[in-house]
Every structure is written in C-alpha cells, then in structure tokens.
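> Below is the file work_21.tsv, which contains TSV, C-alpha atoms.
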```tsv
chain	number	residue	atom	x	y	z
P	1	MET	CA	0.00	0.00	0.00
P	2	PRO	CA	2.02	2.99	-1.21
P	3	SER	CA	2.47	5.93	1.14
P	4	PRO	CA	3.20	9.38	-0.21
P	5	ASN	CA	5.12	10.10	3.00
P	6	CYS	CA	8.57	9.24	1.75
P	7	ASP	CA	11.34	10.65	-0.39
P	8	GLU	CA	14.77	9.81	-1.71
P	9	ARG	CA	17.48	8.93	0.79
P	10	PRO	CA	20.64	11.07	0.72
P	11	ASP	CA	22.59	7.84	0.10
P	12	SER	CA	20.69	4.55	-0.27
P	13	SER	CA	23.93	2.58	0.17
P	14	ASP	CA	24.15	3.97	3.71
P	15	ILE	CA	21.33	1.86	5.23
P	16	ASP	CA	22.69	0.46	8.49
P	17	LEU	CA	19.97	0.71	11.16
P	18	LEU	CA	16.67	-1.08	11.85
P	19	VAL	CA	14.14	0.73	14.04
P	20	ILE	CA	11.25	-1.14	15.68
P	21	HIS	CA	8.12	0.88	16.45
P	22	GLY	CA	4.74	0.21	18.03
P	23	ILE	CA	1.46	1.74	16.86
P	24	SER	CA	-2.25	1.27	17.45
P	25	LEU	CA	-5.09	3.42	16.19
P	26	PRO	CA	-7.07	4.44	18.07
P	27	PRO	CA	-4.64	3.96	20.98
P	28	ARG	CA	-4.86	0.45	22.47
P	29	GLU	CA	-7.31	-0.73	19.78
P	30	TYR	CA	-6.38	-3.22	17.08
P	31	GLY	CA	-7.65	-4.20	13.67
P	32	GLY	CA	-9.23	-2.08	11.01
P	33	ASP	CA	-7.46	0.13	8.53
P	34	TYR	CA	-6.76	3.29	10.53
P	35	ILE	CA	-2.97	2.78	10.39
P	36	ASP	CA	-3.20	2.41	6.61
P	37	GLN	CA	-5.23	5.62	6.52
P	38	LEU	CA	-2.69	7.48	8.67
P	39	PHE	CA	0.21	6.40	6.46
P	40	THR	CA	-1.69	7.31	3.27
P	41	ASN	CA	-2.99	10.70	4.52
P	42	THR	CA	-6.63	9.60	4.38
P	43	LEU	CA	-7.43	9.44	8.12
P	44	ASP	CA	-10.79	11.08	8.85
P	45	LYS	CA	-10.46	13.36	11.87
P	46	ASN	CA	-14.14	12.75	12.70
P	47	GLU	CA	-13.85	8.96	13.06
P	48	HIS	CA	-12.38	9.17	16.59
P	49	PRO	CA	-11.53	12.06	18.95
P	50	TYR	CA	-7.81	11.13	18.90
P	51	PHE	CA	-7.71	11.41	15.11
P	52	ALA	CA	-8.39	15.16	15.32
P	53	GLU	CA	-4.92	15.44	16.92
P	54	ILE	CA	-3.03	13.35	14.37
P	55	HIS	CA	-4.87	13.44	11.03
P	56	GLU	CA	-2.53	16.09	9.59
P	57	LEU	CA	0.66	14.19	10.44
P	58	ARG	CA	2.68	13.10	7.43
P	59	VAL	CA	4.27	9.87	8.61
P	60	SER	CA	4.96	6.42	7.28
P	61	SER	CA	6.98	3.32	7.85
P	62	HIS	CA	8.55	0.80	5.55
P	63	LEU	CA	6.47	-2.05	7.00
P	64	LEU	CA	3.66	-2.78	9.44
P	65	ILE	CA	3.21	-6.18	11.08
P	66	ASN	CA	-0.33	-6.54	12.41
P	67	ARG	CA	-1.44	-8.68	15.37
P	68	GLU	CA	-1.80	-11.77	13.15
P	69	GLY	CA	1.68	-11.37	11.66
P	70	LYS	CA	0.46	-10.01	8.30
P	71	VAL	CA	2.82	-7.56	6.64
P	72	THR	CA	1.92	-4.37	4.80
P	73	GLN	CA	4.64	-2.45	2.99
P	74	TYR	CA	4.17	1.30	2.60
P	75	VAL	CA	7.58	2.47	1.41
P	76	PRO	CA	10.28	0.66	-0.60
P	77	PHE	CA	13.37	0.02	1.50
P	78	LEU	CA	15.60	2.11	-0.74
P	79	LYS	CA	13.44	5.18	-0.11
P	80	ARG	CA	13.36	7.20	3.11
P	81	ALA	CA	10.19	6.57	5.12
P	82	TRP	CA	9.17	9.25	7.60
P	83	HIS	CA	9.07	7.12	10.76
P	84	ALA	CA	11.71	8.30	13.22
P	85	GLY	CA	11.34	12.08	13.28
P	86	GLU	CA	13.95	13.94	15.30
P	87	SER	CA	16.33	11.16	16.21
P	88	CYS	CA	19.95	10.26	16.84
P	89	PHE	CA	21.89	6.99	16.88
P	90	ASP	CA	25.61	6.55	17.46
P	91	GLY	CA	26.18	10.29	17.06
P	92	ARG	CA	24.30	10.49	13.75
P	93	HIS	CA	21.13	12.58	13.57
P	94	GLN	CA	18.07	12.16	11.30
P	95	CYS	CA	17.89	8.37	11.47
P	96	ASN	CA	15.31	8.26	8.66
P	97	ASP	CA	18.24	8.91	6.31
P	98	PHE	CA	19.91	5.57	7.08
P	99	ALA	CA	17.26	3.41	8.81
P	100	ILE	CA	14.53	0.97	7.91
P	101	GLY	CA	11.43	1.36	10.08
P	102	ILE	CA	9.11	-1.49	11.03
P	103	GLU	CA	5.88	-0.88	12.93
P	104	LEU	CA	4.30	-3.54	15.13
P	105	GLU	CA	0.60	-3.15	15.77
P	106	GLY	CA	0.51	-2.78	19.52
P	107	CYS	CA	1.20	-0.44	22.37
P	108	ASP	CA	3.91	0.03	24.95
P	109	GLU	CA	2.34	-1.90	27.81
P	110	GLU	CA	0.51	-4.76	26.07
P	111	THR	CA	2.23	-7.96	25.04
P	112	TYR	CA	2.98	-8.31	21.35
P	113	CYS	CA	1.79	-11.51	19.65
P	114	ASN	CA	4.00	-14.48	18.89
P	115	GLU	CA	2.98	-14.23	15.22
P	116	GLN	CA	4.41	-10.72	15.17
P	117	TYR	CA	7.73	-11.85	16.65
P	118	GLN	CA	7.97	-14.72	14.18
P	119	THR	CA	7.28	-12.47	11.20
P	120	LEU	CA	9.54	-9.72	12.53
P	121	ALA	CA	12.40	-12.21	12.94
P	122	GLN	CA	11.94	-13.58	9.40
P	123	ILE	CA	11.94	-10.09	7.94
P	124	THR	CA	14.88	-9.00	10.08
P	125	ASN	CA	16.92	-11.97	8.92
P	126	LEU	CA	16.23	-11.07	5.28
P	127	ILE	CA	16.99	-7.38	5.84
P	128	CYS	CA	20.26	-8.22	7.59
P	129	GLN	CA	21.26	-10.55	4.75
P	130	ARG	CA	20.70	-7.72	2.27
P	131	TRP	CA	22.15	-4.90	4.40
P	132	GLN	CA	25.01	-6.58	6.20
P	133	LYS	CA	25.91	-3.43	8.15
P	134	ILE	CA	22.73	-4.01	10.17
P	135	THR	CA	23.81	-6.20	13.09
P	136	LYS	CA	22.13	-6.89	16.43
P	137	ASP	CA	23.66	-3.77	17.96
P	138	ARG	CA	22.09	-1.73	15.15
P	139	ILE	CA	18.54	-2.97	15.80
P	140	VAL	CA	16.85	-0.52	18.13
P	141	GLY	CA	13.50	0.67	19.38
P	142	HIS	CA	12.09	4.08	18.52
P	143	SER	CA	12.63	5.02	22.17
P	144	ASP	CA	16.37	4.33	21.78
P	145	ILE	CA	16.82	6.93	19.05
P	146	ALA	CA	14.32	9.50	20.38
P	147	PRO	CA	14.55	9.18	24.18
P	148	GLY	CA	12.21	11.41	26.12
P	149	ARG	CA	10.13	11.97	22.99
P	150	LYS	CA	9.12	8.39	22.11
P	151	THR	CA	8.50	5.28	24.23
P	152	ASP	CA	7.69	2.64	21.62
P	153	PRO	CA	7.84	-0.27	21.14
P	154	GLY	CA	7.58	-0.12	24.92
P	155	THR	CA	8.27	-2.26	27.96
P	156	ALA	CA	6.06	-5.08	26.67
P	157	PHE	CA	8.35	-5.65	23.68
P	158	ASP	CA	10.46	-8.72	24.48
P	159	LYS	CA	13.75	-7.87	22.80
P	160	ASP	CA	15.50	-10.94	24.26
P	161	TYR	CA	12.88	-13.27	22.76
P	162	TYR	CA	13.01	-11.43	19.43
P	163	PHE	CA	16.81	-11.65	19.34
P	164	SER	CA	16.65	-15.37	20.18
P	165	LEU	CA	14.70	-15.89	16.93
P	166	LEU	CA	17.31	-14.18	14.75
P	167	LYS	CA	19.92	-16.04	12.72
P	168	LEU	CA	22.57	-13.34	12.79
```
Rewrite the structure of this file - the entire thing - as structure tokens.

Amino acid sequence: MPSPNCDERPDSSDIDLLVIHGISLPPREYGGDYIDQLFTNTLDKNEHPYFAEIHELRVSSHLLINREGKVTQYVPFLKRAWHAGESCFDGRHQCNDFAIGIELEGCDEETYCNEQYQTLAQITNLICQRWQKITKDRIVGHSDIAPGRKTDPGTAFDKDYYFSLLKL
C-alpha cells in the first residue's frame, strides 16, 4: 500500500539501522485500517476524537506487522520513510536517512503476539542478509533513538525473545 510520505534517501547505500516501532489506532485498539489511513494521509479526523490530533501528520513506515503477523509495505526500503522524526543513533542525527522502520501493531504496555515476533524475525533476517551493516547492535527501538520523545515499542516488547529468533 504505497504511502506518499517518503522521499529519496541522501545515500541509499548507507542503510545500516533497523528501528522497531509500536502503533495502534485508536490507541490500544487493534484491527481495522486506521494505520493504513494514517500512512496514506486519508485518516478522517471525525472517526475518533484522537484522530483530530493526528490526522494532519505526514508519517509512514517501511512495513507494518499486524497482530496476526500479516505484513503491509508502505515504502520501498531504498526510499526514506518518515518514521523516526527527530532522532539520533551513534552520534548520527536524522535516522530516517539511514534506517529501515518497522511498525508492530501494539502499544507500549501490552504484550505483542508471537505471530508478530515470528514475522519480525523472518523479515529481520532477510533485511540483515541484504544490508550486512545491520547487526544486532544496530537494531533498536524508537525510544532508543528518540529518548524522552518516544517510548515505543515499549516495555512489553520482548527484545530478548526477538533476538533469540534471529539467525545473525
């Protein structure tokens, strides 16, 4: 599902970071197509009170993994998705320039589904095969690159379990 919220990377050979996010729309509710609508700029501000606050945001991600483990791609990996905002990793600012962003349907304090971990691990393994500069120490949460501003994927994200599924 193509998102208009992307552009060219400054250097597409510079991809070396994977950022894991969490999202639910409305907050703490799952299913439906509100995330698709947000990432395609078609979210109706009248559908839910929270949407009045966010409907004008221009954001996207490369991928979304829903609660059943189904994947939706919004932005090709070689393009810059607008997922990280103001961010910094390893002394480098504007992580969107060199990162791939994956959203998990969920919220900070609710357990993610095993299907999501399985799919995330499969995709991570493929991404790391293609972009070999992405290693375990270059797989981070949104909160790691935007501390104080972002908290996702949250305390319920089991990074140890996720890493145990990787073949890196």
> Choose the residue, out of P:Glu8, P:Glu47, P:Glu105, P:Glu110, that has the smallest atom-to-atom separation from Ile23 in chain P; count all atoms listed in the file.
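So, comparing all the options, the nearest one is P:Glu105.
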> Show me, as an MDAnalysis selection string, the residues that have an atom within 9 Å of range 68-82 of chain P when counting all atoms listed in the file, minus same-chain residues fewer than 6 positions from it.
chainID P and resid 1:10 12:13 15 36 39:40 58:62 96:101 104 113:120
> Tell me, as a PyMOL selection string, which residues lie within 12 Å of Lys150 in chain P, counting all atoms listed in the file; anything in the same chain fewer than 4 positions away does not count.
chain P and resi 20-23+83-87+107-108+141-146+154
> Using the selection just defined, write its residues with C-alpha atoms as a PDB file, in the coordinates of the input.

```pdb
ATOM      1  CA  ILE P  20      11.250  -1.140  15.680  1.00  0.00           C
ATOM      2  CA  HIS P  21       8.120   0.880  16.450  1.00  0.00           C
ATOM      3  CA  GLY P  22       4.740   0.210  18.030  1.00  0.00           C
ATOM      4  CA  ILE P  23       1.460   1.740  16.860  1.00  0.00           C
ATOM      5  CA  HIS P  83       9.070   7.120  10.760  1.00  0.00           C
ATOM      6  CA  ALA P  84      11.710   8.300  13.220  1.00  0.00           C
ATOM      7  CA  GLY P  85      11.340  12.080  13.280  1.00  0.00           C
ATOM      8  CA  GLU P  86      13.950  13.940  15.300  1.00  0.00           C
ATOM      9  CA  SER P  87      16.330  11.160  16.210  1.00  0.00           C
ATOM     10  CA  CYS P 107       1.200  -0.440  22.370  1.00  0.00           C
ATOM     11  CA  ASP P 108       3.910   0.030  24.950  1.00  0.00           C
ATOM     12  CA  GLY P 141      13.500   0.670  19.380  1.00  0.00           C
ATOM     13  CA  HIS P 142      12.090   4.080  18.520  1.00  0.00           C
ATOM     14  CA  SER P 143      12.630   5.020  22.170  1.00  0.00           C
ATOM     15  CA  ASP P 144      16.370   4.330  21.780  1.00  0.00           C
ATOM     16  CA  ILE P 145      16.820   6.930  19.050  1.00  0.00           C
ATOM     17  CA  ALA P 146      14.320   9.500  20.380  1.00  0.00           C
ATOM     18  CA  GLY P 154       7.580  -0.120  24.920  1.00  0.00           C
TER      19      GLY P 154
END
```
> To one decimal place in Å, what is the distance between CA of Gly148 in chain P and CA of Thr124 in chain P?
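Spanning CA of Gly148 in chain P to CA of Thr124 in chain P is a straight-line distance of 26.1 Å.
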> Would you mind reading off the distance between CA of Glu29 in chain P and CA of Ile127 in chain P, one decimal, in Å?
28.8 Å
> Between P:Pro147, P:Pro153, P:Gly106, P:Pro26, which is the closest to Lys45 in chain P once you count all atoms listed in the file?
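Among the listed residues, the smallest separation from Lys45 in chain P belongs to P:Pro26.
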> If we draw a sphere of 12 Å around (-1.2, 11.5, 16.6), which residues have at least one atom in it when counting only C-alpha atoms? Please report them as a PyMOL selection string.
chain P and resi 23-27+34-35+38-39+43+45+48-59
> CA of Gln129 in chain P and CA of Leu168 in chain P, how far apart in Å?
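Those two atoms sit 8.6 Å apart.
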